[in-house]
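Each remark here refers to the structure printed beneath this line.
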Amino acid sequence: MSNLAIMPILIPMISGIFLAFFNKNIKLSRLLAKALTIGNLVYVSYLFYRVSQEGSIILETGDWAAPYGIVIVADLLSTLLVLTTNIIALAAVWYAPYSLNTKQETHYFYTFYFLLITGVSGAFLTGDLFNLFVFFEVLLMASYALIVLGGEKVQLRESIKYVLINLFSSILFVTTVAFLYSVVGTVNMAHIAERVAEVDQRGILTTISILLFFVFGTKAALFPLFYWLPRPYSAPNSVVSALFGALLTKVGVYSILRVFTLMFPQQETNTHELFLWIAGLTLIFGVIGALSTTNIKLIIAYNVIPAVGFMMLGIGINTETAISGTVYYLVHDMIIKGALFLLVGAVVILTGTANMKKMSGLIHHYPLLGWLLFLAAFVLAGVPPFSGFIGKLLLLQASFSADQIALSIIGLGCSLLILLSILRIFIQVFWGEKDESLKPNKKLARQLSIPISFLLFFSVALGLGAEFFYPTVEKISNYLMHPEQYIESVLRGNP
Amino acid sequence: MEIIMSILAGILFTTGIYNLLQKQLIRIIIGTGLLSHGAHLFILTMGGLTDGKPPILTDHDSHNYVDPLPQALILTSIVISFGVTSLLLVLAYRAAKENETDNMDQLRGNDYE
């Protein structure tokens, strides 16, 4: 019982409300937003340190004991993801002034940005299925506002579909929670896990677990539910795309990971076979999408999908190595997707177009951006020794030892095609004839590359320092594979 | 009573989904409204409908009370669905004005920039 656990939700929420009063004063709101984000990051790092030293921190709100009240559970996995979220948030807030125009910035960008962080952190930290729905709505509401920020024709057109799909899956989520409540009589995740193990109605529980999987799969953009993702993600402003690409689908993946390791771990035969099929198909279709277009923002948006496929692969295999691969890949992918969206956003800002056929030879003007993209491509595709390699290595190791040879080959092939899709951008945009008509803006390019380098630094560190990070990931996967620890700490109050 | 309520929720879901599959934006929004009402009734039903007392713990009478949790959940969910529906209405109005159509068929396309 400690108030520490709820602060990552409260700090951004209060910051967001606070900044709503200064929306007209851009200079002040930029400064405040940066300061508050840094403050939050420092706080979350402290929380992560505390949790890794002392074990889960649990807050029973209003002092109501666990199955009756709402609990906020800050365990190692959730705090790690909140920490990653805040690192991306810092890069995004640094990048925002160069990417947004004055109109967008004064229309409460910083408020919605903080509310998005509130929702994402809340979804990671909550220990209650209905609260997960509430925090999903918080982050979705913020994302609805961010996607139409500026009110361009394309944005309005794509946002309608985005809102409708998410609204439908939210309604389905509530219905599923109602189903689950009628079967097990509780909405506390630890309590559900305990009751599910006792209830002797396998059929209905499998149905509920598949419904939950459908809901989270829609958020996470799994095959065949990913069709809504690429266009809405590439329509808004670059900094908004980066926040979406880095955070939103990962919340869905986190929820699947949590639900199927904690609440429904014992029905492997029913569901996990399906997960493997879906993982393979997600990988293939995502990569096909990424290779199908010449819009650079769309290429990166399509690249979100195969990454989710890799994480699903780990959840489907469901051994300790596989889960640590998923966790590692989750953190790696959040950071690298943020960096890539910011990178292509920088290209779009500097050249004024997203069509890669219309540009060439940018490396003569902006060498640093070019090499950053080259590095990001290597990180994403999993070229050793960068962070993508470690995650993929763990996942492939697990899938070989689980006799999923076909899936391993699909995974390897897709990695190569992902590399190809990013290198296509590099070759088309940065190589080739120097475009003399373009007026280079070196100062802007330098400023844009600061937050990108910041994120790529973490990506490279995560790969080179794998020895240092791996024990934490291993600890998390061990914790996830033994849900009794979570149940004990939430219901019995001893971490 | 639970069965009648479940059937009502089912009817709301059916009409909701039928409306969701229409092409006019306003019908789609009505569809989402119906769907969320169906979901809310469903939550209430799943808690079990008892003809009991308010769930306030007093010294003497605390048996035969109504399960308070579904009501709390519904309240939250209704507030959220109000918010989302009003946002969706505003968004649809702006989108229809900006794109000069409220037909979903014409709201797709590949042109960017």
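Please note that chains go A, B, ... in the order of the structure tokens, that every chain numbers its residues from 1, and that ligands are numbered from 1 in the order shown.
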
Practice problem: Identify all chain A residues at most 10 Å from chain B by counting only C-alpha atoms; ligands do not count. Present them as a VMD selection string. | Solution: chain A and resid 68 130 to 131 133 to 134 137 to 138 140 to 141 144 to 145 148 151 to 161 163 to 164 167 to 168 170 to 183 185 to 187 231 234 to 235 295 352 to 355

Exercise. Might you pull out every residue within 7 Å of A:Val429, with only C-alpha atoms counted and same-chain residues fewer than 2 positions away left off, and present them as a VMD selection string?
Key: chain A and resid 356 359 to 362 425 to 427 431

Write out the residues from the selection above, keeping all heavy atoms, as an mmCIF file, in the first residue's frame.
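And here is the file that came out, part_21.cif:
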data_model
loop_
_atom_site.group_PDB
_atom_site.id
_atom_site.type_symbol
_atom_site.label_atom_id
_atom_site.label_comp_id
_atom_site.auth_asym_id
_atom_site.auth_seq_id
_atom_site.Cartn_x
_atom_site.Cartn_y
_atom_site.Cartn_z
ATOM 1 N N MET A 356 7.983 9.299 -51.824
ATOM 2 C CA MET A 356 9.439 9.182 -51.963
ATOM 3 C C MET A 356 9.906 9.256 -53.415
ATOM 4 O O MET A 356 11.092 9.434 -53.668
ATOM 5 C CB MET A 356 9.961 7.926 -51.272
ATOM 6 C CG MET A 356 9.554 6.618 -51.834
ATOM 7 S SD MET A 356 10.325 5.373 -50.798
ATOM 8 C CE MET A 356 9.832 3.891 -51.621
ATOM 9 N N MET A 359 11.526 12.799 -54.202
ATOM 10 C CA MET A 359 12.746 13.322 -53.592
ATOM 11 C C MET A 359 13.926 12.412 -53.884
ATOM 12 O O MET A 359 13.769 11.219 -54.136
ATOM 13 C CB MET A 359 12.573 13.495 -52.087
ATOM 14 C CG MET A 359 11.719 12.470 -51.415
ATOM 15 S SD MET A 359 11.376 12.991 -49.732
ATOM 16 C CE MET A 359 9.866 12.148 -49.371
ATOM 17 N N SER A 360 15.118 13.000 -53.848
ATOM 18 C CA SER A 360 16.322 12.192 -54.013
ATOM 19 C C SER A 360 17.525 12.986 -53.524
ATOM 20 O O SER A 360 17.482 14.209 -53.451
ATOM 21 C CB SER A 360 16.513 11.783 -55.472
ATOM 22 O OG SER A 360 17.030 12.866 -56.198
ATOM 23 N N GLY A 361 18.558 12.227 -53.161
ATOM 24 C CA GLY A 361 19.824 12.858 -52.825
ATOM 25 C C GLY A 361 19.828 13.739 -51.597
ATOM 26 O O GLY A 361 20.619 14.671 -51.485
ATOM 27 N N LEU A 362 18.947 13.436 -50.654
ATOM 28 C CA LEU A 362 18.891 14.287 -49.461
ATOM 29 C C LEU A 362 20.157 14.188 -48.619
ATOM 30 O O LEU A 362 20.437 15.067 -47.822
ATOM 31 C CB LEU A 362 17.695 13.901 -48.584
ATOM 32 C CG LEU A 362 16.335 14.446 -48.985
ATOM 33 C CD1 LEU A 362 15.323 14.104 -47.922
ATOM 34 C CD2 LEU A 362 16.392 15.946 -49.160
ATOM 35 N N ILE A 425 13.461 3.346 -48.558
ATOM 36 C CA ILE A 425 13.392 4.770 -48.232
ATOM 37 C C ILE A 425 14.780 5.380 -48.322
ATOM 38 O O ILE A 425 14.978 6.425 -48.931
ATOM 39 C CB ILE A 425 12.824 4.999 -46.808
ATOM 40 C CG1 ILE A 425 11.460 4.385 -46.667
ATOM 41 C CG2 ILE A 425 12.786 6.480 -46.475
ATOM 42 C CD1 ILE A 425 10.855 4.596 -45.298
ATOM 43 N N PHE A 426 15.764 4.680 -47.732
ATOM 44 C CA PHE A 426 17.125 5.224 -47.697
ATOM 45 C C PHE A 426 17.662 5.435 -49.111
ATOM 46 O O PHE A 426 18.187 6.500 -49.439
ATOM 47 C CB PHE A 426 18.023 4.263 -46.910
ATOM 48 C CG PHE A 426 19.419 4.779 -46.737
ATOM 49 C CD1 PHE A 426 19.681 5.806 -45.849
ATOM 50 C CD2 PHE A 426 20.456 4.250 -47.481
ATOM 51 C CE1 PHE A 426 20.955 6.291 -45.696
ATOM 52 C CE2 PHE A 426 21.736 4.727 -47.329
ATOM 53 C CZ PHE A 426 21.985 5.754 -46.438
ATOM 54 N N ILE A 427 17.477 4.414 -49.965
ATOM 55 C CA ILE A 427 18.021 4.502 -51.322
ATOM 56 C C ILE A 427 17.308 5.583 -52.117
ATOM 57 O O ILE A 427 17.940 6.430 -52.763
ATOM 58 C CB ILE A 427 17.892 3.131 -52.029
ATOM 59 C CG1 ILE A 427 18.829 2.126 -51.369
ATOM 60 C CG2 ILE A 427 18.186 3.241 -53.512
ATOM 61 C CD1 ILE A 427 18.560 0.705 -51.732
ATOM 62 N N TRP A 431 19.940 8.555 -51.270
ATOM 63 C CA TRP A 431 20.928 8.389 -52.318
ATOM 64 C C TRP A 431 20.481 9.112 -53.578
ATOM 65 O O TRP A 431 19.433 9.738 -53.619
ATOM 66 C CB TRP A 431 21.116 6.902 -52.627
ATOM 67 C CG TRP A 431 22.091 6.264 -51.708
ATOM 68 C CD1 TRP A 431 22.798 6.882 -50.724
ATOM 69 C CD2 TRP A 431 22.448 4.889 -51.670
ATOM 70 N NE1 TRP A 431 23.564 5.977 -50.067
ATOM 71 C CE2 TRP A 431 23.385 4.758 -50.614
ATOM 72 C CE3 TRP A 431 22.090 3.772 -52.414
ATOM 73 C CZ2 TRP A 431 23.960 3.530 -50.299
ATOM 74 C CZ3 TRP A 431 22.660 2.557 -52.091
ATOM 75 C CH2 TRP A 431 23.593 2.432 -51.044
#

Self-check item: Atomic separation - atom CA of A:Glu484 relative to atom CA of A:Gln397, Å
Solution: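 Spanning atom CA of A:Gln397 to atom CA of A:Glu484 is a straight-line distance of 26.4 Å.
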
Quiz item: Could you name the residues that touch A:Ala89 at 8 Å or less, counting only C-alpha atoms, but leaving out those on the same chain fewer than 4 positions away, as a ChimeraX atom specification?
Solution: /A:37,85,93,117,243

Quiz prompt | DSSP alpha helix (DSSP H) residues within stretch 127-172 of chain A, listed as an NGL selection string | solution = :A and (129-147 or 153-172)

Exercise. Tell me, in Å to one decimal, how far atom CA of A:Pro384 is from atom CA of A:Ala461.
Key: 12.3 Å

Exercise. Might you pull out every residue within 12 Å of B:Val66, with only C-alpha atoms counted and same-chain residues fewer than 6 positions away left off, and present them as a ChimeraX atom specification?
Key: /B:44-45,47-57,72

Selection from above, C-alpha atoms, as a JSON list (two decimals), in the first residue's frame, can you write it?
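Dumped to out04.json:
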[["chain", "number", "residue", "atom", "x", "y", "z"],
["B", 44, "LEU", "CA", -26.98, -4.72, -15.68],
["B", 45, "THR", "CA", -28.46, -8.10, -16.56],
["B", 47, "GLY", "CA", -25.08, -8.79, -12.39],
["B", 48, "GLY", "CA", -28.36, -10.60, -11.75],
["B", 49, "LEU", "CA", -31.67, -8.77, -11.37],
["B", 50, "THR", "CA", -32.89, -9.12, -7.82],
["B", 51, "ASP", "CA", -35.81, -7.30, -6.26],
["B", 52, "GLY", "CA", -33.70, -6.28, -3.27],
["B", 53, "LYS", "CA", -32.81, -3.35, -1.09],
["B", 54, "PRO", "CA", -30.23, -0.67, -1.78],
["B", 55, "PRO", "CA", -26.75, -2.00, -1.06],
["B", 56, "ILE", "CA", -26.12, 0.14, 2.01],
["B", 57, "LEU", "CA", -24.64, -1.68, 4.95],
["B", 72, "ALA", "CA", -21.19, 1.43, -10.83]]

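Here atom CA of A:Ile409 and atom CA of A:Gly252 stand 25.5 Å from one another.
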
Quiz prompt | Spatial neighbours of A:Ile6, 9 Å, only C-alpha atoms, chain gap at least 3 places, as a ChimeraX atom specification | solution = /A:2-3,9-11,58-59,72-74,122,125

Practice problem: Quick one: everything within 9 Å of A:Gly338, counting only C-alpha atoms, minus sequence neighbours fewer than 3 positions away in the same chain. Send it as a PyMOL selection string. | Solution: chain A and resi 88+91-92+239+241-247+333-335+341-343+452+455

Once you have the residues from the selection above, write them out as a PDB file, in the first residue's frame, restricted to N, CA, C and O atoms.
ATOM      1  N   ILE A  88       9.775   8.006 -24.630  1.00  0.00           N
ATOM      2  CA  ILE A  88       9.244   8.410 -25.933  1.00  0.00           C
ATOM      3  C   ILE A  88       8.537   9.753 -25.822  1.00  0.00           C
ATOM      4  O   ILE A  88       8.672  10.622 -26.693  1.00  0.00           O
ATOM      5  N   ALA A  91      11.039  12.566 -25.991  1.00  0.00           N
ATOM      6  CA  ALA A  91      11.489  12.835 -27.362  1.00  0.00           C
ATOM      7  C   ALA A  91      10.408  13.562 -28.141  1.00  0.00           C
ATOM      8  O   ALA A  91      10.679  14.515 -28.879  1.00  0.00           O
ATOM      9  N   ALA A  92       9.140  13.141 -27.946  1.00  0.00           N
ATOM     10  CA  ALA A  92       8.041  13.733 -28.715  1.00  0.00           C
ATOM     11  C   ALA A  92       7.830  15.190 -28.336  1.00  0.00           C
ATOM     12  O   ALA A  92       7.599  16.040 -29.194  1.00  0.00           O
ATOM     13  N   VAL A 239       4.548  14.148 -35.231  1.00  0.00           N
ATOM     14  CA  VAL A 239       4.793  13.876 -33.816  1.00  0.00           C
ATOM     15  C   VAL A 239       3.630  13.059 -33.240  1.00  0.00           C
ATOM     16  O   VAL A 239       3.839  12.146 -32.425  1.00  0.00           O
ATOM     17  N   SER A 241       1.797  10.939 -35.058  1.00  0.00           N
ATOM     18  CA  SER A 241       2.012   9.587 -35.598  1.00  0.00           C
ATOM     19  C   SER A 241       3.021   8.831 -34.753  1.00  0.00           C
ATOM     20  O   SER A 241       2.857   7.638 -34.501  1.00  0.00           O
ATOM     21  N   ALA A 242       4.076   9.526 -34.335  1.00  0.00           N
ATOM     22  CA  ALA A 242       5.113   8.861 -33.550  1.00  0.00           C
ATOM     23  C   ALA A 242       4.544   8.378 -32.231  1.00  0.00           C
ATOM     24  O   ALA A 242       4.793   7.246 -31.811  1.00  0.00           O
ATOM     25  N   LEU A 243       3.750   9.226 -31.576  1.00  0.00           N
ATOM     26  CA  LEU A 243       3.146   8.811 -30.300  1.00  0.00           C
ATOM     27  C   LEU A 243       2.216   7.615 -30.514  1.00  0.00           C
ATOM     28  O   LEU A 243       2.250   6.652 -29.755  1.00  0.00           O
ATOM     29  N   PHE A 244       1.398   7.675 -31.580  1.00  0.00           N
ATOM     30  CA  PHE A 244       0.476   6.576 -31.859  1.00  0.00           C
ATOM     31  C   PHE A 244       1.245   5.290 -32.149  1.00  0.00           C
ATOM     32  O   PHE A 244       0.977   4.253 -31.553  1.00  0.00           O
ATOM     33  N   GLY A 245       2.187   5.387 -33.077  1.00  0.00           N
ATOM     34  CA  GLY A 245       2.910   4.193 -33.515  1.00  0.00           C
ATOM     35  C   GLY A 245       3.694   3.567 -32.385  1.00  0.00           C
ATOM     36  O   GLY A 245       3.824   2.356 -32.297  1.00  0.00           O
ATOM     37  N   ALA A 246       4.239   4.415 -31.501  1.00  0.00           N
ATOM     38  CA  ALA A 246       5.057   3.871 -30.428  1.00  0.00           C
ATOM     39  C   ALA A 246       4.205   3.322 -29.297  1.00  0.00           C
ATOM     40  O   ALA A 246       4.573   2.337 -28.670  1.00  0.00           O
ATOM     41  N   LEU A 247       3.064   3.957 -29.011  1.00  0.00           N
ATOM     42  CA  LEU A 247       2.370   3.612 -27.771  1.00  0.00           C
ATOM     43  C   LEU A 247       1.085   2.808 -27.958  1.00  0.00           C
ATOM     44  O   LEU A 247       0.857   1.834 -27.252  1.00  0.00           O
ATOM     45  N   ASP A 333      10.606  -2.211 -29.578  1.00  0.00           N
ATOM     46  CA  ASP A 333       9.776  -1.735 -30.673  1.00  0.00           C
ATOM     47  C   ASP A 333       9.134  -0.389 -30.353  1.00  0.00           C
ATOM     48  O   ASP A 333       8.971   0.446 -31.237  1.00  0.00           O
ATOM     49  N   MET A 334       8.768  -0.179 -29.087  1.00  0.00           N
ATOM     50  CA  MET A 334       8.219   1.129 -28.723  1.00  0.00           C
ATOM     51  C   MET A 334       9.217   2.225 -29.071  1.00  0.00           C
ATOM     52  O   MET A 334       8.875   3.239 -29.685  1.00  0.00           O
ATOM     53  N   ILE A 335      10.489   1.998 -28.690  1.00  0.00           N
ATOM     54  CA  ILE A 335      11.489   3.042 -28.896  1.00  0.00           C
ATOM     55  C   ILE A 335      11.784   3.235 -30.376  1.00  0.00           C
ATOM     56  O   ILE A 335      11.774   4.359 -30.889  1.00  0.00           O
ATOM     57  N   PHE A 341       9.164   7.029 -36.815  1.00  0.00           N
ATOM     58  CA  PHE A 341       8.116   7.988 -37.178  1.00  0.00           C
ATOM     59  C   PHE A 341       8.653   9.412 -37.121  1.00  0.00           C
ATOM     60  O   PHE A 341       8.337  10.243 -37.983  1.00  0.00           O
ATOM     61  N   LEU A 342       9.491   9.705 -36.114  1.00  0.00           N
ATOM     62  CA  LEU A 342      10.070  11.042 -36.027  1.00  0.00           C
ATOM     63  C   LEU A 342      11.007  11.297 -37.209  1.00  0.00           C
ATOM     64  O   LEU A 342      11.054  12.390 -37.760  1.00  0.00           O
ATOM     65  N   LEU A 343      11.740  10.248 -37.618  1.00  0.00           N
ATOM     66  CA  LEU A 343      12.676  10.390 -38.740  1.00  0.00           C
ATOM     67  C   LEU A 343      11.961  10.710 -40.049  1.00  0.00           C
ATOM     68  O   LEU A 343      12.310  11.681 -40.735  1.00  0.00           O
ATOM     69  N   ILE A 452      15.558  12.457 -32.171  1.00  0.00           N
ATOM     70  CA  ILE A 452      15.705  11.173 -32.859  1.00  0.00           C
ATOM     71  C   ILE A 452      16.947  10.449 -32.345  1.00  0.00           C
ATOM     72  O   ILE A 452      16.907   9.252 -32.035  1.00  0.00           O
ATOM     73  N   LEU A 455      16.350   8.918 -28.950  1.00  0.00           N
ATOM     74  CA  LEU A 455      15.667   7.616 -28.949  1.00  0.00           C
ATOM     75  C   LEU A 455      16.581   6.516 -29.473  1.00  0.00           C
ATOM     76  O   LEU A 455      16.621   5.417 -28.927  1.00  0.00           O
TER      77      LEU A 455
END

Quiz prompt | Within 10 Å of A:Leu222 using only C-alpha atoms, minus same-chain residues under 6 positions, as a VMD selection string | solution = chain A and resid 213 to 214 216 229 249 252 to 253 275 278 to 279 281 to 283 285 to 286 305 to 309 312
